[in-house]
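This is target_12.cif (mmCIF, C-alpha atoms).
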data_start
#
loop_
_atom_site.label_atom_id
_atom_site.label_comp_id
_atom_site.auth_asym_id
_atom_site.auth_seq_id
_atom_site.Cartn_x
_atom_site.Cartn_y
_atom_site.Cartn_z
CA ASP Z 1 2.76 -13.68 -10.62
CA THR Z 2 -0.17 -13.96 -8.19
CA GLU Z 3 -0.11 -10.44 -6.83
CA VAL Z 4 -3.08 -8.30 -5.99
CA THR Z 5 -2.23 -4.89 -4.57
CA GLN Z 6 -4.42 -2.67 -2.41
CA THR Z 7 -4.07 0.92 -1.28
CA PRO Z 8 -4.08 2.35 1.27
CA LYS Z 9 -3.02 -0.23 3.86
CA HIS Z 10 -4.67 1.70 6.65
CA LEU Z 11 -7.41 4.33 6.56
CA VAL Z 12 -9.02 6.38 9.31
CA MET Z 13 -12.06 8.42 8.35
CA GLY Z 14 -14.87 10.32 9.95
CA MET Z 15 -18.51 9.57 9.32
CA THR Z 16 -18.85 12.57 7.00
CA ASN Z 17 -15.77 11.86 4.90
CA LYS Z 18 -15.57 10.49 1.38
CA LYS Z 19 -12.71 8.13 0.63
CA SER Z 20 -11.83 5.39 -1.85
CA LEU Z 21 -10.11 2.04 -1.61
CA LYS Z 22 -8.13 0.86 -4.62
CA CYS Z 23 -7.27 -2.60 -5.86
CA GLU Z 24 -5.11 -3.62 -8.83
CA GLN Z 25 -4.15 -6.93 -10.42
CA HIS Z 26 -2.08 -7.76 -13.49
CA MET Z 27 -2.80 -11.47 -13.74
CA GLY Z 28 -5.24 -11.10 -16.62
CA HIS Z 29 -8.12 -12.07 -14.37
CA ARG Z 30 -11.54 -10.89 -15.50
CA ALA Z 31 -13.34 -11.28 -12.16
CA MET Z 32 -12.71 -9.07 -9.15
CA TYR Z 33 -14.22 -9.13 -5.68
CA TRP Z 34 -14.64 -7.02 -2.56
CA TYR Z 35 -14.90 -8.74 0.83
CA LYS Z 36 -15.40 -7.28 4.29
CA GLN Z 37 -13.85 -9.04 7.28
CA LYS Z 38 -14.42 -8.37 10.96
CA ALA Z 39 -11.85 -9.48 13.51
CA LYS Z 40 -11.68 -13.26 14.05
CA LYS Z 41 -14.48 -13.84 11.53
CA PRO Z 42 -14.41 -15.17 7.97
CA PRO Z 43 -14.59 -12.72 5.06
CA GLU Z 44 -18.03 -11.76 3.79
CA LEU Z 45 -18.57 -11.09 0.11
CA MET Z 46 -19.74 -7.61 -0.84
CA PHE Z 47 -19.46 -7.31 -4.63
CA VAL Z 48 -18.33 -9.29 -7.67
CA TYR Z 49 -17.37 -7.83 -11.03
CA SER Z 50 -17.13 -10.08 -14.06
CA TYR Z 51 -15.77 -8.59 -17.30
CA GLU Z 52 -15.99 -5.15 -15.70
CA LYS Z 53 -19.70 -5.51 -15.01
CA LEU Z 54 -21.25 -5.85 -11.58
CA SER Z 55 -22.54 -9.40 -11.33
CA ILE Z 56 -23.15 -9.83 -7.59
CA ASN Z 57 -24.17 -7.27 -4.97
CA GLU Z 58 -24.74 -8.93 -1.61
CA SER Z 59 -27.29 -6.33 -0.49
CA VAL Z 60 -24.56 -3.93 0.57
CA PRO Z 61 -25.67 -0.49 1.85
CA SER Z 62 -25.44 2.31 -0.69
CA ARG Z 63 -22.77 4.10 1.34
CA PHE Z 64 -20.44 1.57 -0.34
CA SER Z 65 -20.14 2.18 -4.07
CA PRO Z 66 -17.97 -0.12 -6.21
CA GLU Z 67 -16.42 0.82 -9.52
CA CYS Z 68 -14.45 -1.20 -12.07
CA PRO Z 69 -12.81 1.28 -14.49
CA ASN Z 70 -10.97 -1.44 -16.42
CA SER Z 71 -10.04 -5.09 -16.20
CA SER Z 72 -7.13 -4.44 -13.84
CA LEU Z 73 -8.62 -1.96 -11.40
CA LEU Z 74 -11.34 -2.11 -8.80
CA ASN Z 75 -12.36 0.75 -6.53
CA LEU Z 76 -14.60 0.95 -3.52
CA HIS Z 77 -15.95 4.43 -2.83
CA LEU Z 78 -16.93 5.14 0.76
CA HIS Z 79 -19.30 7.85 1.93
CA ALA Z 80 -21.07 8.53 5.22
CA LEU Z 81 -19.83 5.35 6.82
CA GLN Z 82 -20.77 4.19 10.29
CA PRO Z 83 -18.42 3.02 13.07
CA GLU Z 84 -19.65 -0.55 12.53
CA ASP Z 85 -18.17 -0.41 9.03
CA SER Z 86 -14.71 -0.53 10.58
CA ALA Z 87 -13.14 -3.73 9.28
CA LEU Z 88 -10.51 -5.23 7.00
CA TYR Z 89 -11.51 -4.82 3.36
CA LEU Z 90 -10.08 -7.45 1.06
CA CYS Z 91 -9.93 -7.40 -2.71
CA ALA Z 92 -9.56 -10.59 -4.74
CA SER Z 93 -9.39 -11.60 -8.38
CA SER Z 94 -9.86 -14.82 -10.34
CA GLN Z 95 -10.24 -16.33 -13.76
CA VAL Z 96 -13.81 -16.39 -15.00
CA SER Z 97 -14.14 -19.50 -17.10
CA VAL Z 98 -10.71 -21.11 -17.02
CA GLY Z 99 -9.27 -23.29 -14.29
CA HIS Z 100 -10.63 -23.68 -10.82
CA GLY Z 101 -11.61 -20.07 -10.25
CA THR Z 102 -9.16 -19.75 -7.39
CA GLN Z 103 -9.50 -16.32 -5.82
CA TYR Z 104 -6.25 -14.53 -5.08
CA PHE Z 105 -6.43 -11.90 -2.38
CA GLY Z 106 -4.64 -8.65 -1.78
CA PRO Z 107 -3.17 -7.60 1.59
CA GLY Z 108 -6.29 -5.69 2.55
CA THR Z 109 -7.11 -2.20 3.80
CA ARG Z 110 -7.74 -1.78 7.52
CA LEU Z 111 -10.49 0.81 7.85
CA LEU Z 112 -11.38 2.63 11.05
CA VAL Z 113 -14.47 4.85 11.07
CA LEU Z 114 -14.62 7.37 13.89
CA ALA L 1 -27.45 -24.51 0.99
CA GLN L 2 -23.72 -25.03 1.00
CA LYS L 3 -21.94 -24.95 4.32
CA ILE L 4 -18.39 -25.31 5.66
CA THR L 5 -17.69 -26.38 9.23
CA GLN L 6 -14.38 -26.02 11.05
CA THR L 7 -14.76 -27.37 14.56
CA GLN L 8 -11.33 -26.43 15.95
CA PRO L 9 -11.23 -22.76 16.98
CA GLY L 10 -7.60 -23.04 18.06
CA MET L 11 -4.79 -25.55 17.89
CA PHE L 12 -1.20 -25.84 19.05
CA VAL L 13 1.57 -27.83 17.39
CA GLN L 14 5.22 -28.28 18.20
CA GLU L 15 7.67 -27.00 15.63
CA LYS L 16 8.70 -29.68 13.08
CA GLU L 17 5.66 -31.83 13.84
CA ALA L 18 2.71 -32.45 11.52
CA VAL L 19 -0.76 -31.06 12.21
CA THR L 20 -4.21 -31.71 10.75
CA LEU L 21 -6.85 -29.01 10.51
CA ASP L 22 -10.38 -30.33 10.13
CA CYS L 23 -12.96 -29.23 7.59
CA THR L 24 -16.31 -30.74 6.74
CA TYR L 25 -18.66 -29.48 4.10
CA ASP L 26 -22.23 -29.84 3.02
CA THR L 27 -23.44 -29.54 -0.54
CA SER L 28 -25.92 -31.23 -2.84
CA ASP L 29 -23.83 -30.46 -5.91
CA GLN L 30 -21.86 -33.18 -7.68
CA SER L 31 -19.24 -30.77 -8.94
CA TYR L 32 -17.57 -28.47 -6.45
CA GLY L 33 -14.23 -27.07 -5.41
CA LEU L 34 -12.65 -26.79 -1.98
CA PHE L 35 -9.96 -24.30 -0.99
CA TRP L 36 -7.71 -23.67 1.97
CA TYR L 37 -6.40 -20.22 2.80
CA LYS L 38 -3.91 -19.01 5.39
CA GLN L 39 -4.32 -15.61 7.03
CA PRO L 40 -1.41 -14.34 9.13
CA SER L 41 -1.91 -11.49 11.56
CA SER L 42 -0.95 -9.09 8.76
CA GLY L 43 -4.34 -9.80 7.17
CA GLU L 44 -3.53 -11.11 3.71
CA MET L 45 -5.45 -14.22 2.67
CA ILE L 46 -2.92 -16.59 1.12
CA PHE L 47 -4.18 -19.39 -1.13
CA LEU L 48 -2.69 -22.72 -0.12
CA ILE L 49 -4.34 -25.60 -1.92
CA TYR L 50 -7.32 -26.64 -4.05
CA GLN L 51 -9.24 -29.90 -4.33
CA GLY L 52 -11.84 -30.59 -6.98
CA SER L 53 -14.66 -32.99 -6.29
CA TYR L 54 -13.72 -35.16 -9.26
CA ASP L 55 -10.00 -35.20 -8.53
CA GLU L 56 -8.94 -38.78 -7.91
CA GLN L 57 -5.77 -37.87 -6.09
CA ASN L 58 -5.50 -35.86 -2.89
CA ALA L 59 -4.04 -32.44 -3.63
CA THR L 60 -0.53 -31.64 -2.44
CA GLU L 61 1.47 -28.40 -2.51
CA GLY L 62 4.85 -28.59 -0.82
CA ARG L 63 4.28 -29.12 2.91
CA TYR L 64 0.52 -28.88 2.48
CA SER L 65 -1.69 -31.80 1.58
CA LEU L 66 -5.40 -32.24 1.58
CA ASN L 67 -6.95 -35.40 3.01
CA PHE L 68 -10.08 -35.55 0.87
CA GLN L 69 -12.71 -38.07 1.93
CA LYS L 70 -15.66 -37.52 -0.36
CA ALA L 71 -18.05 -39.98 1.26
CA ARG L 72 -17.51 -38.32 4.64
CA LYS L 73 -17.60 -34.85 3.07
CA SER L 74 -14.35 -33.90 4.72
CA ALA L 75 -11.34 -32.01 3.35
CA ASN L 76 -8.76 -31.82 6.10
CA LEU L 77 -5.55 -29.84 5.65
CA VAL L 78 -2.34 -31.54 6.71
CA ILE L 79 0.72 -29.39 7.33
CA SER L 80 3.92 -31.39 7.62
CA ALA L 81 7.07 -30.26 9.44
CA SER L 82 5.43 -27.21 11.03
CA GLN L 83 7.38 -23.97 11.08
CA LEU L 84 7.00 -20.90 13.29
CA GLY L 85 5.80 -19.00 10.22
CA ASP L 86 2.83 -21.34 9.95
CA SER L 87 1.22 -19.61 12.94
CA ALA L 88 -1.91 -18.05 11.46
CA MET L 89 -5.63 -18.47 11.00
CA TYR L 90 -6.61 -21.08 8.42
CA PHE L 91 -9.86 -21.00 6.50
CA CYS L 92 -11.50 -23.80 4.56
CA ALA L 93 -13.78 -22.57 1.78
CA MET L 94 -16.09 -23.79 -0.96
CA ARG L 95 -17.08 -21.82 -3.99
CA GLU L 96 -20.80 -21.34 -4.35
CA THR L 97 -21.97 -23.02 -7.50
CA SER L 98 -22.54 -20.89 -10.54
CA ARG L 99 -23.89 -22.31 -13.79
CA SER L 100 -22.18 -19.78 -15.97
CA SER L 101 -18.72 -19.26 -14.56
CA ASN L 102 -16.24 -19.75 -11.75
CA THR L 103 -17.13 -16.47 -10.10
CA GLY L 104 -19.41 -17.66 -7.36
CA LYS L 105 -18.71 -16.36 -3.88
CA LEU L 106 -16.53 -18.28 -1.48
CA ILE L 107 -18.30 -19.81 1.48
CA PHE L 108 -15.88 -19.87 4.39
CA GLY L 109 -15.73 -21.85 7.58
CA GLN L 110 -15.19 -20.02 10.87
CA GLY L 111 -11.46 -20.66 10.75
CA THR L 112 -8.88 -22.38 12.94
CA THR L 113 -6.11 -20.45 14.66
CA LEU L 114 -2.89 -22.45 14.61
CA GLN L 115 -0.01 -21.65 16.92
CA VAL L 116 3.35 -23.31 16.36
CA LYS L 117 5.46 -23.67 19.49
CA PRO L 118 9.27 -23.53 19.30
#

As structure tokens, the full file:
Amino acid sequence: DTEVTQTPKHLVMGMTNKKSLKCEQHMGHRAMYWYKQKAKKPPELMFVYSYEKLSINESVPSRFSPECPNSSLLNLHLHALQPEDSALYLCASSQVSVGHGTQYFGPGTRLLVL
Amino acid sequence: AQKITQTQPGMFVQEKEAVTLDCTYDTSDQSYGLFWYKQPSSGEMIFLIYQGSYDEQNATEGRYSLNFQKARKSANLVISASQLGDSAMYFCAMRETSRSSNTGKLIFGQGTTLQVKP
């Protein structure tokens, strides 16, 4: 089973709203990732969690706040976003020290900031 | 710094024919991994195939095969017997090297949009 799920599929929010994106995997992976993808561009890494601890933060603005409550869940809390933050947000997971470290992606959340 | 280059922004292929998507990479590491992903218009990034730098055989997964030429630093994806459902954007990627684990970020090329004609 190589399934990563993400909710919601679509999200529209105003610049003053607070919302959260959720990601879940049941593959026993201990690394989870958030990527941001603009149209017709490759994904850009935002955060990496390894064993539920933040291991990489790619200098993401503080209006994006990640959280990893347990080994299966990854959240991305959004607050005071800007219109340029509108994008597809992809979650991924992988093994940490076994195998090739292939990252398996979820279907993404399409975010529109008005 | 590691880099992935995909020089074909868009390609067309006739249904049932084979197509090759180009990917070249640049790295100073001896050990590295290369990945191909497919992204339909729905947005999900679907893992297709992996090639390790020390793998002696070219990777194959069903209709997908990877033409790995280490000396030329190329890792081209070959799709045989194209189907209409193969129409998508395809990304070549390399994982950034990490000494401690496999959790380095993926470095992506700019992608190639493939359209399969009936």

*Report the distance between CA of Asn17 (chain Z) and CA of Thr5 (chain Z) in Å, rounded to one decimal place.*
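Separation of CA of Asn17 (chain Z) and CA of Thr5 (chain Z): 23.5 Å.
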
*Let me know the residues the PyMOL selection byres ((chain L and resi 43-56) around 6) catches in the file above, as a VMD selection string.*
(chain Z and resid 105 107) or (chain L and resid 31 to 42 57 59)

*Apply the PyMOL selection byres ((chain Z) within 8 of (chain L)) to the structure shown and report the selected residues as a PyMOL selection string.*
chain Z and resi 31+41-43+45+48+50+88+90+94-98+100-108

*For Gln2 (chain L), work out the shell of residues within 8 Å, counting only C-alpha atoms and skipping chain neighbours fewer than 3 positions away, then give it as a list in words.*
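The residues satisfying every condition are Tyr25, Asp26, Thr27, Ser28, Met94, Glu96 and Ile107 of chain L.
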
*Atomic separation - CA of Lys53 (chain Z) relative to CA of Ser93 (chain Z), Å*: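 That distance, rounded to one decimal, is 13.7 Å.
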
*Report the distance between CA of Arg72 (chain L) and CA of Cys23 (chain L) in Å, rounded to one decimal place.*
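The value is 10.6 Å.
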
*asked:* List as a ChimeraX atom specification the residues having at least one atom at most 10 Å from position (9.4, -27.2, 17.8) as given in the file, counting only C-alpha atoms.
replied: /L:13-17,81-84,116-118
